[in-house]
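Engineer: Handing over run33.cif, mmCIF, C-alpha atoms; chains and numbers go by the auth columns.
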data_coords
loop_
_atom_site.group_PDB
_atom_site.id
_atom_site.type_symbol
_atom_site.label_atom_id
_atom_site.label_comp_id
_atom_site.label_asym_id
_atom_site.label_seq_id
_atom_site.Cartn_x
_atom_site.Cartn_y
_atom_site.Cartn_z
_atom_site.B_iso_or_equiv
_atom_site.auth_seq_id
_atom_site.auth_asym_id
ATOM 1 C CA GLU A 1 -31.275 10.836 17.167 0.00 1 A
ATOM 2 C CA THR A 2 -31.270 7.132 16.379 0.00 2 A
ATOM 3 C CA GLY A 3 -28.944 5.689 13.784 0.00 3 A
ATOM 4 C CA VAL A 4 -29.691 3.198 11.036 0.00 4 A
ATOM 5 C CA THR A 5 -31.026 -0.090 12.342 0.00 5 A
ATOM 6 C CA GLN A 6 -31.395 -3.383 10.521 0.00 6 A
ATOM 7 C CA SER A 7 -33.204 -6.611 11.289 0.00 7 A
ATOM 8 C CA PRO A 8 -32.577 -9.421 11.707 0.00 8 A
ATOM 9 C CA THR A 9 -28.866 -9.444 12.556 0.00 9 A
ATOM 10 C CA HIS A 10 -28.377 -12.989 11.314 0.00 10 A
ATOM 11 C CA LEU A 11 -30.437 -15.264 9.105 0.00 11 A
ATOM 12 C CA ILE A 12 -30.028 -18.766 7.736 0.00 12 A
ATOM 13 C CA LYS A 13 -32.026 -19.856 4.705 0.00 13 A
ATOM 14 C CA THR A 14 -31.896 -22.701 2.235 0.00 14 A
ATOM 15 C CA ARG A 15 -31.466 -22.463 -1.507 0.00 15 A
ATOM 16 C CA GLY A 16 -34.677 -21.518 -3.322 0.00 16 A
ATOM 17 C CA GLN A 17 -36.278 -19.787 -0.362 0.00 17 A
ATOM 18 C CA GLN A 18 -37.236 -16.139 -0.151 0.00 18 A
ATOM 19 C CA VAL A 19 -35.987 -13.615 2.410 0.00 19 A
ATOM 20 C CA THR A 20 -36.988 -10.118 3.559 0.00 20 A
ATOM 21 C CA LEU A 21 -34.518 -7.828 5.283 0.00 21 A
ATOM 22 C CA ARG A 22 -35.583 -4.632 7.025 0.00 22 A
ATOM 23 C CA CYS A 23 -33.996 -1.251 7.581 0.00 23 A
ATOM 24 C CA SER A 24 -34.975 1.830 9.537 0.00 24 A
ATOM 25 C CA SER A 25 -33.251 4.941 8.284 0.00 25 A
ATOM 26 C CA GLN A 26 -31.714 7.630 10.412 0.00 26 A
ATOM 27 C CA SER A 27 -34.081 10.380 11.499 0.00 27 A
ATOM 28 C CA GLY A 28 -34.466 13.055 8.824 0.00 28 A
ATOM 29 C CA HIS A 29 -33.066 10.917 6.003 0.00 29 A
ATOM 30 C CA ASN A 30 -35.243 10.347 2.945 0.00 30 A
ATOM 31 C CA THR A 31 -32.969 8.117 0.865 0.00 31 A
ATOM 32 C CA VAL A 32 -32.095 4.496 1.499 0.00 32 A
ATOM 33 C CA SER A 33 -29.490 2.427 -0.324 0.00 33 A
ATOM 34 C CA TRP A 34 -28.812 -1.302 -0.068 0.00 34 A
ATOM 35 C CA TYR A 35 -25.438 -2.987 -0.503 0.00 35 A
ATOM 36 C CA GLN A 36 -24.252 -6.587 -0.598 0.00 36 A
ATOM 37 C CA GLN A 37 -20.845 -7.364 0.892 0.00 37 A
ATOM 38 C CA ALA A 38 -19.294 -10.757 0.278 0.00 38 A
ATOM 39 C CA LEU A 39 -16.527 -11.921 2.595 0.00 39 A
ATOM 40 C CA GLY A 40 -13.277 -10.061 1.924 0.00 40 A
ATOM 41 C CA GLN A 41 -14.839 -7.721 -0.631 0.00 41 A
ATOM 42 C CA GLY A 42 -16.071 -4.153 -0.602 0.00 42 A
ATOM 43 C CA PRO A 43 -19.816 -3.473 -0.510 0.00 43 A
ATOM 44 C CA GLN A 44 -21.594 -3.702 -3.867 0.00 44 A
ATOM 45 C CA PHE A 45 -24.485 -1.338 -4.612 0.00 45 A
ATOM 46 C CA ILE A 46 -27.819 -3.120 -5.100 0.00 46 A
ATOM 47 C CA PHE A 47 -30.277 -0.239 -5.415 0.00 47 A
ATOM 48 C CA GLN A 48 -31.442 3.014 -3.873 0.00 48 A
ATOM 49 C CA TYR A 49 -34.870 4.305 -2.914 0.00 49 A
ATOM 50 C CA TYR A 50 -35.929 7.916 -2.734 0.00 50 A
ATOM 51 C CA ARG A 51 -39.467 8.969 -1.873 0.00 51 A
ATOM 52 C CA GLU A 52 -40.689 5.381 -2.198 0.00 52 A
ATOM 53 C CA GLU A 53 -39.376 4.986 -5.769 0.00 53 A
ATOM 54 C CA GLU A 54 -36.335 3.060 -6.971 0.00 54 A
ATOM 55 C CA ASN A 55 -33.711 5.652 -7.846 0.00 55 A
ATOM 56 C CA GLY A 56 -30.845 3.692 -9.319 0.00 56 A
ATOM 57 C CA ARG A 57 -29.873 0.057 -9.459 0.00 57 A
ATOM 58 C CA GLY A 58 -26.632 -1.865 -9.564 0.00 58 A
ATOM 59 C CA ASN A 59 -25.846 -5.041 -11.458 0.00 59 A
ATOM 60 C CA PHE A 60 -28.233 -7.326 -9.588 0.00 60 A
ATOM 61 C CA PRO A 61 -30.972 -9.547 -11.083 0.00 61 A
ATOM 62 C CA PRO A 62 -34.701 -8.773 -10.710 0.00 62 A
ATOM 63 C CA ARG A 63 -35.067 -11.335 -7.931 0.00 63 A
ATOM 64 C CA PHE A 64 -33.547 -8.624 -5.749 0.00 64 A
ATOM 65 C CA SER A 65 -36.341 -6.143 -5.096 0.00 65 A
ATOM 66 C CA GLY A 66 -37.111 -3.501 -2.552 0.00 66 A
ATOM 67 C CA LEU A 67 -39.622 -1.180 -1.017 0.00 67 A
ATOM 68 C CA GLN A 68 -39.499 2.116 0.771 0.00 68 A
ATOM 69 C CA PHE A 69 -42.315 3.158 3.062 0.00 69 A
ATOM 70 C CA PRO A 70 -43.700 6.640 3.821 0.00 70 A
ATOM 71 C CA ASN A 71 -41.649 6.764 7.022 0.00 71 A
ATOM 72 C CA TYR A 72 -38.556 6.124 4.833 0.00 72 A
ATOM 73 C CA SER A 73 -37.916 2.665 6.266 0.00 73 A
ATOM 74 C CA SER A 74 -37.113 0.046 3.674 0.00 74 A
ATOM 75 C CA GLU A 75 -37.164 -3.646 2.845 0.00 75 A
ATOM 76 C CA LEU A 76 -34.908 -5.751 0.667 0.00 76 A
ATOM 77 C CA ASN A 77 -36.495 -8.896 -0.749 0.00 77 A
ATOM 78 C CA VAL A 78 -34.553 -11.686 -2.381 0.00 78 A
ATOM 79 C CA ASN A 79 -36.393 -14.503 -4.137 0.00 79 A
ATOM 80 C CA ALA A 80 -35.108 -17.906 -5.190 0.00 80 A
ATOM 81 C CA LEU A 81 -32.050 -17.692 -2.960 0.00 81 A
ATOM 82 C CA GLU A 82 -28.764 -19.000 -4.326 0.00 82 A
ATOM 83 C CA LEU A 83 -25.666 -20.061 -2.412 0.00 83 A
ATOM 84 C CA ASP A 84 -23.809 -16.978 -3.716 0.00 84 A
ATOM 85 C CA ASP A 85 -26.354 -14.740 -2.028 0.00 85 A
ATOM 86 C CA SER A 86 -24.642 -15.507 1.274 0.00 86 A
ATOM 87 C CA ALA A 87 -23.252 -12.141 2.362 0.00 87 A
ATOM 88 C CA LEU A 88 -23.573 -9.195 4.697 0.00 88 A
ATOM 89 C CA TYR A 89 -26.427 -6.960 3.534 0.00 89 A
ATOM 90 C CA LEU A 90 -25.973 -3.323 4.439 0.00 90 A
ATOM 91 C CA CYS A 91 -28.534 -0.572 4.469 0.00 91 A
ATOM 92 C CA ALA A 92 -27.453 3.054 4.322 0.00 92 A
ATOM 93 C CA SER A 93 -29.513 6.193 4.692 0.00 93 A
ATOM 94 C CA SER A 94 -28.761 9.701 3.557 0.00 94 A
ATOM 95 C CA SER A 95 -30.330 13.067 3.031 0.00 95 A
ATOM 96 C CA THR A 96 -30.719 14.941 -0.230 0.00 96 A
ATOM 97 C CA THR A 97 -29.622 18.151 1.417 0.00 97 A
ATOM 98 C CA GLY A 98 -26.486 19.247 3.146 0.00 98 A
ATOM 99 C CA ILE A 99 -22.815 18.646 2.904 0.00 99 A
ATOM 100 C CA PRO A 100 -20.736 16.546 2.669 0.00 100 A
ATOM 101 C CA TYR A 101 -21.984 14.943 -0.498 0.00 101 A
ATOM 102 C CA ASN A 102 -22.098 11.182 -0.710 0.00 102 A
ATOM 103 C CA GLU A 103 -22.134 10.764 3.056 0.00 103 A
ATOM 104 C CA GLN A 104 -24.212 7.718 3.778 0.00 104 A
ATOM 105 C CA PHE A 105 -24.890 6.336 7.231 0.00 105 A
ATOM 106 C CA PHE A 106 -24.695 2.579 7.351 0.00 106 A
ATOM 107 C CA GLY A 107 -26.453 0.145 9.609 0.00 107 A
ATOM 108 C CA PRO A 108 -24.682 -2.848 11.180 0.00 108 A
ATOM 109 C CA GLY A 109 -25.930 -5.183 8.462 0.00 109 A
ATOM 110 C CA THR A 110 -27.759 -8.482 8.256 0.00 110 A
ATOM 111 C CA ARG A 111 -25.607 -11.591 7.840 0.00 111 A
ATOM 112 C CA LEU A 112 -27.421 -13.945 5.462 0.00 112 A
ATOM 113 C CA THR A 113 -26.272 -17.530 5.088 0.00 113 A
ATOM 114 C CA VAL A 114 -27.782 -19.652 2.327 0.00 114 A
ATOM 115 C CA LEU A 115 -27.347 -23.406 2.710 0.00 115 A
ATOM 116 C CA LEU B 1 -17.557 6.208 -12.372 0.00 1 B
ATOM 117 C CA ALA B 2 -13.826 6.545 -11.779 0.00 2 B
ATOM 118 C CA LYS B 3 -12.055 3.375 -10.723 0.00 3 B
ATOM 119 C CA THR B 4 -9.750 3.523 -7.711 0.00 4 B
ATOM 120 C CA THR B 5 -6.584 1.625 -6.860 0.00 5 B
ATOM 121 C CA GLN B 6 -5.212 1.384 -3.341 0.00 6 B
ATOM 122 C CA PRO B 7 -2.882 -0.994 -1.500 0.00 7 B
ATOM 123 C CA ILE B 8 -4.484 -4.204 -0.317 0.00 8 B
ATOM 124 C CA SER B 9 -2.936 -4.012 3.134 0.00 9 B
ATOM 125 C CA MET B 10 -0.671 -1.892 5.349 0.00 10 B
ATOM 126 C CA ASP B 11 0.939 -2.414 8.727 0.00 11 B
ATOM 127 C CA SER B 12 1.740 0.247 11.274 0.00 12 B
ATOM 128 C CA TYR B 13 2.544 0.700 14.964 0.00 13 B
ATOM 129 C CA GLU B 14 0.719 2.660 17.594 0.00 14 B
ATOM 130 C CA GLY B 15 1.587 6.352 17.600 0.00 15 B
ATOM 131 C CA GLN B 16 2.751 6.457 14.000 0.00 16 B
ATOM 132 C CA GLU B 17 1.252 8.519 11.209 0.00 17 B
ATOM 133 C CA VAL B 18 -0.300 6.399 8.472 0.00 18 B
ATOM 134 C CA ASN B 19 -0.703 7.564 4.900 0.00 19 B
ATOM 135 C CA ILE B 20 -2.880 5.569 2.502 0.00 20 B
ATOM 136 C CA THR B 21 -2.694 6.611 -1.119 0.00 21 B
ATOM 137 C CA CYS B 22 -5.439 6.037 -3.645 0.00 22 B
ATOM 138 C CA SER B 23 -5.026 6.330 -7.392 0.00 23 B
ATOM 139 C CA HIS B 24 -7.953 7.522 -9.518 0.00 24 B
ATOM 140 C CA ASN B 25 -6.586 8.469 -12.937 0.00 25 B
ATOM 141 C CA ASN B 26 -9.996 8.810 -14.607 0.00 26 B
ATOM 142 C CA ILE B 27 -11.575 11.144 -12.087 0.00 27 B
ATOM 143 C CA ALA B 28 -14.203 13.431 -13.622 0.00 28 B
ATOM 144 C CA THR B 29 -14.605 17.148 -13.085 0.00 29 B
ATOM 145 C CA ASN B 30 -17.657 16.763 -10.863 0.00 30 B
ATOM 146 C CA ASP B 31 -16.298 13.843 -8.822 0.00 31 B
ATOM 147 C CA TYR B 32 -15.586 14.103 -5.123 0.00 32 B
ATOM 148 C CA ILE B 33 -13.120 11.883 -3.242 0.00 33 B
ATOM 149 C CA THR B 34 -14.519 10.214 -0.159 0.00 34 B
ATOM 150 C CA TRP B 35 -12.981 7.838 2.379 0.00 35 B
ATOM 151 C CA TYR B 36 -14.870 5.336 4.496 0.00 36 B
ATOM 152 C CA GLN B 37 -13.681 3.150 7.379 0.00 37 B
ATOM 153 C CA GLN B 38 -15.088 -0.281 8.157 0.00 38 B
ATOM 154 C CA PHE B 39 -14.556 -2.413 11.250 0.00 39 B
ATOM 155 C CA PRO B 40 -15.295 -6.154 11.135 0.00 40 B
ATOM 156 C CA SER B 41 -19.017 -6.994 11.212 0.00 41 B
ATOM 157 C CA GLN B 42 -19.998 -3.331 11.022 0.00 42 B
ATOM 158 C CA GLY B 43 -21.160 -1.039 8.248 0.00 43 B
ATOM 159 C CA PRO B 44 -18.711 1.461 6.716 0.00 44 B
ATOM 160 C CA ARG B 45 -18.379 4.836 8.374 0.00 45 B
ATOM 161 C CA PHE B 46 -17.709 8.128 6.566 0.00 46 B
ATOM 162 C CA ILE B 47 -14.298 9.614 7.466 0.00 47 B
ATOM 163 C CA ILE B 48 -13.598 12.537 5.185 0.00 48 B
ATOM 164 C CA GLN B 49 -14.374 14.019 1.780 0.00 49 B
ATOM 165 C CA GLY B 50 -12.627 16.488 -0.467 0.00 50 B
ATOM 166 C CA TYR B 51 -12.528 17.945 -3.949 0.00 51 B
ATOM 167 C CA LYS B 52 -9.059 19.513 -4.155 0.00 52 B
ATOM 168 C CA THR B 53 -6.094 20.619 -2.018 0.00 53 B
ATOM 169 C CA LYS B 54 -6.274 19.649 1.639 0.00 54 B
ATOM 170 C CA VAL B 55 -9.140 18.863 3.962 0.00 55 B
ATOM 171 C CA THR B 56 -8.747 18.212 7.677 0.00 56 B
ATOM 172 C CA ASN B 57 -11.211 17.143 10.332 0.00 57 B
ATOM 173 C CA GLU B 58 -10.941 15.752 13.848 0.00 58 B
ATOM 174 C CA VAL B 59 -10.174 12.263 12.551 0.00 59 B
ATOM 175 C CA ALA B 60 -7.985 12.581 9.465 0.00 60 B
ATOM 176 C CA SER B 61 -6.534 14.732 6.713 0.00 61 B
ATOM 177 C CA LEU B 62 -7.030 14.302 3.001 0.00 62 B
ATOM 178 C CA PHE B 63 -4.425 15.545 0.550 0.00 63 B
ATOM 179 C CA ILE B 64 -5.389 15.971 -3.094 0.00 64 B
ATOM 180 C CA PRO B 65 -2.820 17.215 -5.641 0.00 65 B
ATOM 181 C CA ALA B 66 -3.731 19.703 -8.337 0.00 66 B
ATOM 182 C CA ASP B 67 -4.287 17.063 -11.044 0.00 67 B
ATOM 183 C CA ARG B 68 -6.627 15.135 -8.661 0.00 68 B
ATOM 184 C CA LYS B 69 -5.466 11.804 -10.091 0.00 69 B
ATOM 185 C CA SER B 70 -4.588 10.546 -6.636 0.00 70 B
ATOM 186 C CA SER B 71 -5.345 11.314 -3.016 0.00 71 B
ATOM 187 C CA THR B 72 -3.778 10.467 0.332 0.00 72 B
ATOM 188 C CA LEU B 73 -5.630 9.762 3.552 0.00 73 B
ATOM 189 C CA SER B 74 -3.487 10.659 6.538 0.00 74 B
ATOM 190 C CA LEU B 75 -4.247 9.255 9.979 0.00 75 B
ATOM 191 C CA PRO B 76 -2.180 10.960 12.703 0.00 76 B
ATOM 192 C CA ARG B 77 -0.863 8.913 15.619 0.00 77 B
ATOM 193 C CA VAL B 78 -2.826 5.730 15.031 0.00 78 B
ATOM 194 C CA SER B 79 -3.980 3.498 17.839 0.00 79 B
ATOM 195 C CA LEU B 80 -4.996 -0.162 17.929 0.00 80 B
ATOM 196 C CA SER B 81 -8.607 0.901 17.414 0.00 81 B
ATOM 197 C CA ASP B 82 -7.734 2.287 13.986 0.00 82 B
ATOM 198 C CA THR B 83 -7.275 -1.277 12.725 0.00 83 B
ATOM 199 C CA ALA B 84 -9.896 -1.467 9.990 0.00 84 B
ATOM 200 C CA VAL B 85 -10.448 -1.504 6.232 0.00 85 B
ATOM 201 C CA TYR B 86 -10.254 1.898 4.561 0.00 86 B
ATOM 202 C CA TYR B 87 -12.057 2.528 1.285 0.00 87 B
ATOM 203 C CA CYS B 88 -11.360 5.280 -1.201 0.00 88 B
ATOM 204 C CA LEU B 89 -14.380 6.239 -3.317 0.00 89 B
ATOM 205 C CA VAL B 90 -14.691 8.619 -6.217 0.00 90 B
ATOM 206 C CA GLY B 91 -18.045 9.751 -7.502 0.00 91 B
ATOM 207 C CA PRO B 92 -20.260 12.656 -8.512 0.00 92 B
ATOM 208 C CA SER B 93 -21.580 15.163 -6.078 0.00 93 B
ATOM 209 C CA ALA B 94 -25.182 13.939 -6.279 0.00 94 B
ATOM 210 C CA GLN B 95 -26.220 13.725 -2.673 0.00 95 B
ATOM 211 C CA GLY B 96 -26.710 10.182 -1.457 0.00 96 B
ATOM 212 C CA GLY B 97 -25.747 8.725 -4.796 0.00 97 B
ATOM 213 C CA LYS B 98 -24.537 5.246 -5.575 0.00 98 B
ATOM 214 C CA LEU B 99 -21.249 4.524 -3.823 0.00 99 B
ATOM 215 C CA ILE B 100 -18.700 2.377 -5.651 0.00 100 B
ATOM 216 C CA PHE B 101 -16.442 0.543 -3.213 0.00 101 B
ATOM 217 C CA GLY B 102 -13.218 -1.163 -4.247 0.00 102 B
ATOM 218 C CA GLN B 103 -11.445 -3.791 -2.170 0.00 103 B
ATOM 219 C CA GLY B 104 -10.094 -1.261 0.274 0.00 104 B
ATOM 220 C CA THR B 105 -6.888 -1.173 2.301 0.00 105 B
ATOM 221 C CA GLU B 106 -6.718 -3.377 5.361 0.00 106 B
ATOM 222 C CA LEU B 107 -4.766 -1.427 7.970 0.00 107 B
ATOM 223 C CA SER B 108 -3.314 -3.381 10.867 0.00 108 B
ATOM 224 C CA VAL B 109 -1.984 -1.355 13.820 0.00 109 B
ATOM 225 C CA LYS B 110 0.329 -3.222 16.160 0.00 110 B
ATOM 226 C CA PRO B 111 1.342 -2.336 19.707 0.00 111 B
#
Take the structure in the file and give it back as structure tokens.
Structural biologist:
Amino acid sequence: ETGVTQSPTHLIKTRGQQVTLRCSSQSGHNTVSWYQQALGQGPQFIFQYYREEENGRGNFPPRFSGLQFPNYSSELNVNALELDDSALYLCASSSTTGIPYNEQFFGPGTRLTVL
Amino acid sequence: LAKTTQPISMDSYEGQEVNITCSHNNIATNDYITWYQQFPSQGPRFIIQGYKTKVTNEVASLFIPADRKSSTLSLPRVSLSDTAVYYCLVGPSAQGGKLIFGQGTELSVKP
């Protein structure tokens, strides 16, 4: 059973550019959530996808968008990058069945630096 | 969602028991208490979850008093590899729901 994988591991972009981050969920998981973690802070929920539909969104502007594919992998797209978008972006997968509740399996993250 | 308060940092020595307390005064009836661990440059990892009383697994114990307004994560006999940030989360039982992380407790274990 493979865990959650994310690509790329590191990325450097300039202000105004667009970026796409990718996530492969753990086998058997149908839900993917994305989080942004600034240095020294806890992860902040961006949005969640379930069965290819957005299923909840945090306090992030529309330039943060996502996709989930039939194989449950997911993409996070950020347009018009700003300096404050520099952070570790975490993807987490989970299943809608089973216990414990709220157990999400996180990938290693993508470190995005915006210059 | 219930807000949580926990110490910013704690220090301990190898072999000691570490107890991290989290306050969540506004916890709702259908909220569960969940703890995650995060090492530098890695994603958080689920440690333990409970609703009331005591829960124990191979890694930790979770103590929840009857009023559920606080909880304590207990790590027995810590080692250097337990140095990490520990997050207390409180949220509804909806599977895979939105997780609200606070700042966490940075635990430093010294030799």
Engineer: Take the PyMOL selection byres ((chain B and resi 39) around 9), apply it to the structure above, and return the hits as number ranges by chain.
Structural biologist: B: 37-38, 40-45, 82-85
Engineer: Using only C-alpha atoms, please write the residues we just selected to a file, as a tab-separated table (two decimals), keeping the file's coordinate frame.
Structural biologist:
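Below you can see selection.tsv, which holds the result:
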chain	number	residue	atom	x	y	z
B	37	GLN	CA	-13.68	3.15	7.38
B	38	GLN	CA	-15.09	-0.28	8.16
B	40	PRO	CA	-15.30	-6.15	11.14
B	41	SER	CA	-19.02	-6.99	11.21
B	42	GLN	CA	-20.00	-3.33	11.02
B	43	GLY	CA	-21.16	-1.04	8.25
B	44	PRO	CA	-18.71	1.46	6.72
B	45	ARG	CA	-18.38	4.84	8.37
B	82	ASP	CA	-7.73	2.29	13.99
B	83	THR	CA	-7.28	-1.28	12.72
B	84	ALA	CA	-9.90	-1.47	9.99
B	85	VAL	CA	-10.45	-1.50	6.23
Engineer: Using the chain letters and residue numbers of this document, give as a ChimeraX atom specification the residues selected by the PyMOL selection byres ((chain B) within 12 of (chain A)).
Structural biologist: /B:8,30-51,55,85-106
Engineer: Given the PyMOL selection byres ((chain A and resi 85) around 10) and the file above, list the residues it selects as a ChimeraX atom specification.
Structural biologist: /A:15,36-38,78,80-84,86-89,112-115
Engineer: Distance atom CA of Ala60 of chain B-atom CA of Lys3 of chain B, one decimal place?
Structural biologist: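 Separation between atom CA of Ala60 of chain B and atom CA of Lys3 of chain B: 22.6 Å.
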Engineer: Pick the closest to Leu73 of chain B from B:Asn19, B:Ser108, B:Thr53, B:Thr29: which is it, counting only C-alpha atoms?
Structural biologist: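 Among B:Asn19, B:Ser108, B:Thr53, B:Thr29, it is B:Asn19 that comes nearest to Leu73 of chain B.
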Engineer: At a cut-off of 8 Å, using all atoms listed in the file, what residues contact Gly66 of chain A? Leave out same-chain residues fewer than 5 positions from it and give the result as a list of chain:residue names.
Structural biologist: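 Selected residues are A:Glu54, A:Ser74, A:Glu75, A:Leu76, A:Asn77.
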Engineer: Restricting the calculation to all atoms listed in the file: of B:Ile64, B:Leu75, B:Met10, B:Val59, which residue gets closest to His24 of chain B?
Structural biologist: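 Selected residue with least distance to His24 of chain B: B:Ile64.
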